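A.B. asks: This is start29.pdb, which holds PDB, C-alpha atoms:
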```pdb
MODEL        1
ATOM      1  CA  MET A1154      18.890   3.148 -16.834
ATOM      2  CA  HIS A1155      20.256   0.744 -14.240
ATOM      3  CA  GLU A1156      18.243  -2.154 -12.913
ATOM      4  CA  LYS A1157      18.313  -0.775  -9.371
ATOM      5  CA  GLN A1158      16.956   2.595 -10.505
ATOM      6  CA  LEU A1159      14.137   0.877 -12.390
ATOM      7  CA  ARG A1160      13.308  -1.181  -9.319
ATOM      8  CA  ILE A1161      13.224   1.857  -7.021
ATOM      9  CA  ARG A1162      11.099   3.817  -9.481
ATOM     10  CA  TYR A1163       8.637   0.922  -9.758
ATOM     11  CA  ILE A1164       8.394   0.538  -5.964
ATOM     12  CA  ARG A1165       7.808   4.278  -5.536
ATOM     13  CA  VAL A1166       5.015   4.238  -8.104
ATOM     14  CA  LEU A1167       3.390   1.240  -6.383
ATOM     15  CA  GLU A1168       3.535   2.937  -2.993
ATOM     16  CA  LYS A1169       2.234   6.196  -4.420
ATOM     17  CA  PHE A1170      -0.759   4.342  -5.873
ATOM     18  CA  PHE A1171      -1.280   2.636  -2.509
ATOM     19  CA  THR A1172      -1.217   5.850  -0.457
ATOM     20  CA  ARG A1173      -3.503   7.671  -2.885
ATOM     21  CA  THR A1174      -5.971   4.786  -2.817
ATOM     22  CA  ILE A1175      -5.986   4.698   0.983
ATOM     23  CA  SER A1176      -6.556   8.435   1.242
ATOM     24  CA  LEU A1177      -9.521   8.152  -1.141
ATOM     25  CA  LEU A1178     -10.970   5.223   0.801
ATOM     26  CA  LYS A1179     -10.676   7.024   4.141
ATOM     27  CA  LEU A1180     -12.556  10.131   3.040
ATOM     28  CA  GLU A1181     -15.624  10.787   5.173
ATOM     29  CA  ASN A1182     -17.708  11.851   2.191
ATOM     30  CA  PHE A1183     -16.666   8.824   0.116
ATOM     31  CA  ASP A1184     -17.885   8.920  -3.476
ATOM     32  CA  LYS A1185     -17.677   5.729  -5.509
ATOM     33  CA  GLU A1186     -17.477   7.486  -8.873
ATOM     34  CA  LEU A1187     -14.720   9.834  -7.722
ATOM     35  CA  PHE A1188     -12.824   6.860  -6.296
ATOM     36  CA  LYS A1189     -13.186   4.989  -9.578
ATOM     37  CA  GLU A1190     -12.059   7.955 -11.655
ATOM     38  CA  ARG A1191      -9.020   8.823  -9.554
ATOM     39  CA  THR A1192      -7.916   5.221  -9.111
ATOM     40  CA  LEU A1193      -7.976   4.633 -12.861
ATOM     41  CA  LYS A1194      -5.991   7.865 -13.339
ATOM     42  CA  ASN A1195      -3.435   6.688 -10.759
ATOM     43  CA  TYR A1196      -3.266   3.344 -12.536
ATOM     44  CA  GLU A1197      -2.458   5.113 -15.803
ATOM     45  CA  ASP A1198       0.515   6.742 -14.044
ATOM     46  CA  MET A1199       1.570   3.336 -12.803
ATOM     47  CA  LYS A1200       1.408   1.775 -16.272
ATOM     48  CA  ARG A1201       4.003   4.240 -17.581
ATOM     49  CA  VAL A1202       6.713   2.650 -15.452
ATOM     50  CA  LYS A1203       8.196  -0.670 -16.510
ATOM     51  CA  SER A1204       7.312  -3.473 -14.099
ATOM     52  CA  VAL A1205      10.173  -5.250 -12.355
ATOM     53  CA  PRO A1206      10.062  -8.628 -10.562
ATOM     54  CA  LEU A1207       9.895  -8.131  -6.786
ATOM     55  CA  ASP A1208      10.813 -10.635  -4.083
ATOM     56  CA  SER A1209       9.684  -9.044  -0.830
ATOM     57  CA  ASN A1210       6.478 -10.297   0.827
ATOM     58  CA  TYR A1211       5.383  -6.714   1.378
ATOM     59  CA  LEU A1212       5.864  -5.752  -2.263
ATOM     60  CA  ARG A1213       4.095  -8.866  -3.538
ATOM     61  CA  SER A1214       1.209  -8.100  -1.185
ATOM     62  CA  LEU A1215       1.205  -4.521  -2.438
ATOM     63  CA  ILE A1216       0.812  -5.707  -6.032
ATOM     64  CA  ALA A1217      -1.971  -8.072  -4.944
ATOM     65  CA  PHE A1218      -3.727  -5.145  -3.207
ATOM     66  CA  ILE A1219      -3.500  -3.042  -6.373
ATOM     67  CA  ASN A1220      -4.896  -5.882  -8.472
ATOM     68  CA  LYS A1221      -7.713  -6.410  -5.971
ATOM     69  CA  THR A1222      -8.535  -2.700  -6.040
ATOM     70  CA  LEU A1223      -8.712  -2.698  -9.818
ATOM     71  CA  SER A1224     -10.888  -5.820  -9.877
ATOM     72  CA  TYR A1225     -13.268  -4.230  -7.334
ATOM     73  CA  ILE A1226     -13.541  -1.181  -9.558
ATOM     74  CA  GLU A1227     -14.453  -3.330 -12.549
ATOM     75  CA  ASN A1228     -16.899  -5.612 -10.680
ATOM     76  CA  SER A1229     -18.339  -3.672  -7.777
ATOM     77  CA  SER A1230     -21.651  -3.646  -5.992
ATOM     78  CA  ASP A1231     -23.900  -0.601  -5.982
ATOM     79  CA  SER A1232     -23.044   0.547  -2.460
ATOM     80  CA  PHE A1233     -19.317  -0.383  -2.576
ATOM     81  CA  GLU A1234     -19.343  -0.588   1.256
ATOM     82  CA  ASP A1235     -18.202  -4.225   1.489
ATOM     83  CA  GLU A1236     -15.438  -3.642  -1.028
ATOM     84  CA  ARG A1237     -14.358  -0.494   0.773
ATOM     85  CA  ASP A1238     -14.195  -2.287   4.122
ATOM     86  CA  THR A1239     -12.192  -5.144   2.617
ATOM     87  CA  LEU A1240      -9.739  -2.779   0.947
ATOM     88  CA  LEU A1241      -9.247  -0.778   4.153
ATOM     89  CA  LYS A1242      -8.617  -3.973   6.113
ATOM     90  CA  ASP A1243      -6.095  -5.188   3.532
ATOM     91  CA  ALA A1244      -4.412  -1.782   3.527
ATOM     92  CA  ASN A1245      -4.068  -1.914   7.299
ATOM     93  CA  LEU A1246      -2.518  -5.379   7.113
ATOM     94  CA  LEU A1247      -0.126  -4.159   4.406
ATOM     95  CA  GLN A1248       0.997  -1.247   6.547
ATOM     96  CA  LYS A1249       1.585  -3.633   9.450
ATOM     97  CA  GLU A1250       3.689  -5.838   7.184
ATOM     98  CA  LYS A1251       5.769  -2.851   6.103
ATOM     99  CA  ASN A1252       6.285  -1.576   9.657
ATOM    100  CA  LYS A1253       7.193  -5.039  10.936
ATOM    101  CA  SER A1254      10.516  -4.908   9.129
ATOM    102  CA  SER A1255      11.565  -1.564  10.604
ATOM    103  CA  TYR A1256      13.939  -1.479  13.549
ATOM    104  CA  LYS A1257      12.523  -0.368  16.871
ATOM    105  CA  LYS A1258      14.850   0.698  19.684
ATOM    106  CA  ASP A1259      14.123  -0.413  23.256
ATOM    107  CA  LYS A1260      13.041   2.632  25.202
ATOM    108  CA  HIS A1261      13.902   1.517  28.714
ATOM    109  CA  LYS A1262      16.773  -0.856  28.158
ATOM    110  CA  LYS A1263      18.476  -0.113  31.524
ATOM    111  CA  SER A1264      15.377  -0.771  33.611
ATOM    112  CA  LYS A1265      14.899  -4.244  32.061
ATOM    113  CA  PHE A1266      18.373  -5.441  33.034
ATOM    114  CA  ASP A1267      18.450  -7.357  36.290
ATOM    115  CA  ASP A1268      21.548  -9.444  37.096
ATOM    116  CA  GLY A1269      20.367 -10.531  40.562
ATOM    117  CA  TYR A1270      22.468  -8.277  42.810
TER     118      TYR A1270
ENDMDL
END
```
Rewrite the structure of this file - the entire thing - as structure tokens.
C.D. replies:
Amino acid sequence: MHEKQLRIRYIRVLEKFFTRTISLLKLENFDKELFKERTLKNYEDMKRVKSVPLDSNYLRSLIAFINKTLSYIENSSDSFEDERDTLLKDANLLQKEKNKSSYKKDKHKKSKFDDGY
């Protein structure tokens, strides 16, 4: 398999883990044990794919988020509220980082132009 295909597959698995984790964290009837179980299952899926070195700030932050999530699962408090809040905040910052790189078209370009006449 080509290096580019491996890289894309690895990135997709990382983002899939990220979105699944966020959806579990945002549930109104949040259950710590269910979160733990599903996150470990998602991590098993992630371990099947060969890791590839990544250079992007977003992707490095994504890996750091995944590692933080796994460490919180291993060493968590009884209520898990503080950890949950921290993970949601980090997830929000990660999504902002990802969206920052996307191109956004000016909506009212003609109305902004003023040449003085």
A.B. asks: Under the PyMOL selection byres ((chain A and resi 1217-1221) around 8), which residues of this model are included? Write them out as a ChimeraX atom specification.
C.D. replies: /A:1170-1171,1213-1216,1222-1225,1240,1243-1244
A.B. asks: So how far away is atom CA of A:Lys1169 from atom CA of A:Lys1203, in Å?
C.D. replies: 15.1 Å
A.B. asks: Skipping near chain neighbours, those fewer than 4 positions away, what residues fall within 12 Å of A:Leu1212 using only C-alpha atoms, listed as a tab-separated table (two decimals) with C-alpha atoms, in the coordinates of the input?
C.D. replies:
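This is the output file out.tsv:
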```
chain	number	residue	atom	x	y	z
A	1160	ARG	CA	13.31	-1.18	-9.32
A	1161	ILE	CA	13.22	1.86	-7.02
A	1163	TYR	CA	8.64	0.92	-9.76
A	1164	ILE	CA	8.39	0.54	-5.96
A	1165	ARG	CA	7.81	4.28	-5.54
A	1166	VAL	CA	5.01	4.24	-8.10
A	1167	LEU	CA	3.39	1.24	-6.38
A	1168	GLU	CA	3.54	2.94	-2.99
A	1171	PHE	CA	-1.28	2.64	-2.51
A	1205	VAL	CA	10.17	-5.25	-12.36
A	1206	PRO	CA	10.06	-8.63	-10.56
A	1207	LEU	CA	9.90	-8.13	-6.79
A	1208	ASP	CA	10.81	-10.64	-4.08
A	1216	ILE	CA	0.81	-5.71	-6.03
A	1217	ALA	CA	-1.97	-8.07	-4.94
A	1218	PHE	CA	-3.73	-5.14	-3.21
A	1219	ILE	CA	-3.50	-3.04	-6.37
A	1247	LEU	CA	-0.13	-4.16	4.41
A	1248	GLN	CA	1.00	-1.25	6.55
A	1250	GLU	CA	3.69	-5.84	7.18
A	1251	LYS	CA	5.77	-2.85	6.10
```
A.B. asks: Calculated over only C-alpha atoms, which of the candidates A:Lys1242, A:Lys1257, A:Lys1249, A:Arg1237 has the smallest distance to A:Phe1183?
C.D. replies: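 Nearest to A:Phe1183: A:Arg1237.
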A.B. asks: For A:Asn1252, list every protein, DNA or RNA residue within 12 Å, evaluated using only C-alpha atoms, and leave out those in the same chain fewer than 6 positions away; present the list as a list in words.
C.D. replies: Tyr1211, Asn1245 and Leu1246 of chain A
A.B. asks: Would you compute the distance between atom CA of A:Arg1173 and atom CA of A:Arg1191? Give it in Å to one decimal.
C.D. replies: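 If I compute the distance from atom CA of A:Arg1173 to atom CA of A:Arg1191, I get 8.7 Å.
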A.B. asks: Rounded to one decimal in Å, what is the spacing between atom CA of A:Val1202 and atom CA of A:Gln1158?
C.D. replies: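 Between atom CA of A:Val1202 and atom CA of A:Gln1158 the gap is 11.4 Å.
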A.B. asks: May I have the centre and edge lengths, in Å to one decimal, of an axis-aligned box around the listed atoms of stretch 1176-1193 of chain A with 8 Å added to every side, as lines of an AutoDock Vina configuration file?
C.D. replies:
```
center_x = -12.2
center_y = 8.2
center_z = -3.8
size_x = 27.3
size_y = 23.2
size_z = 34.0
```
A.B. asks: For this structure, which residues satisfy the selection - the PyMOL selection byres ((chain A and resi 1185-1188) around 9) - when it is evaluated on the file as given? I want them as a list in words.
C.D. replies: Thr1174, Leu1177, Leu1178, Phe1183, Asp1184, Lys1189, Glu1190, Arg1191, Thr1192, Leu1193, Ile1226, Asp1231, Ser1232 and Phe1233 of chain A
A.B. asks: Using only C-alpha atoms, which of A:Ser1254, A:Lys1157, A:Leu1180, A:Leu1241 sits nearest A:Asn1210?
C.D. replies: A:Ser1254
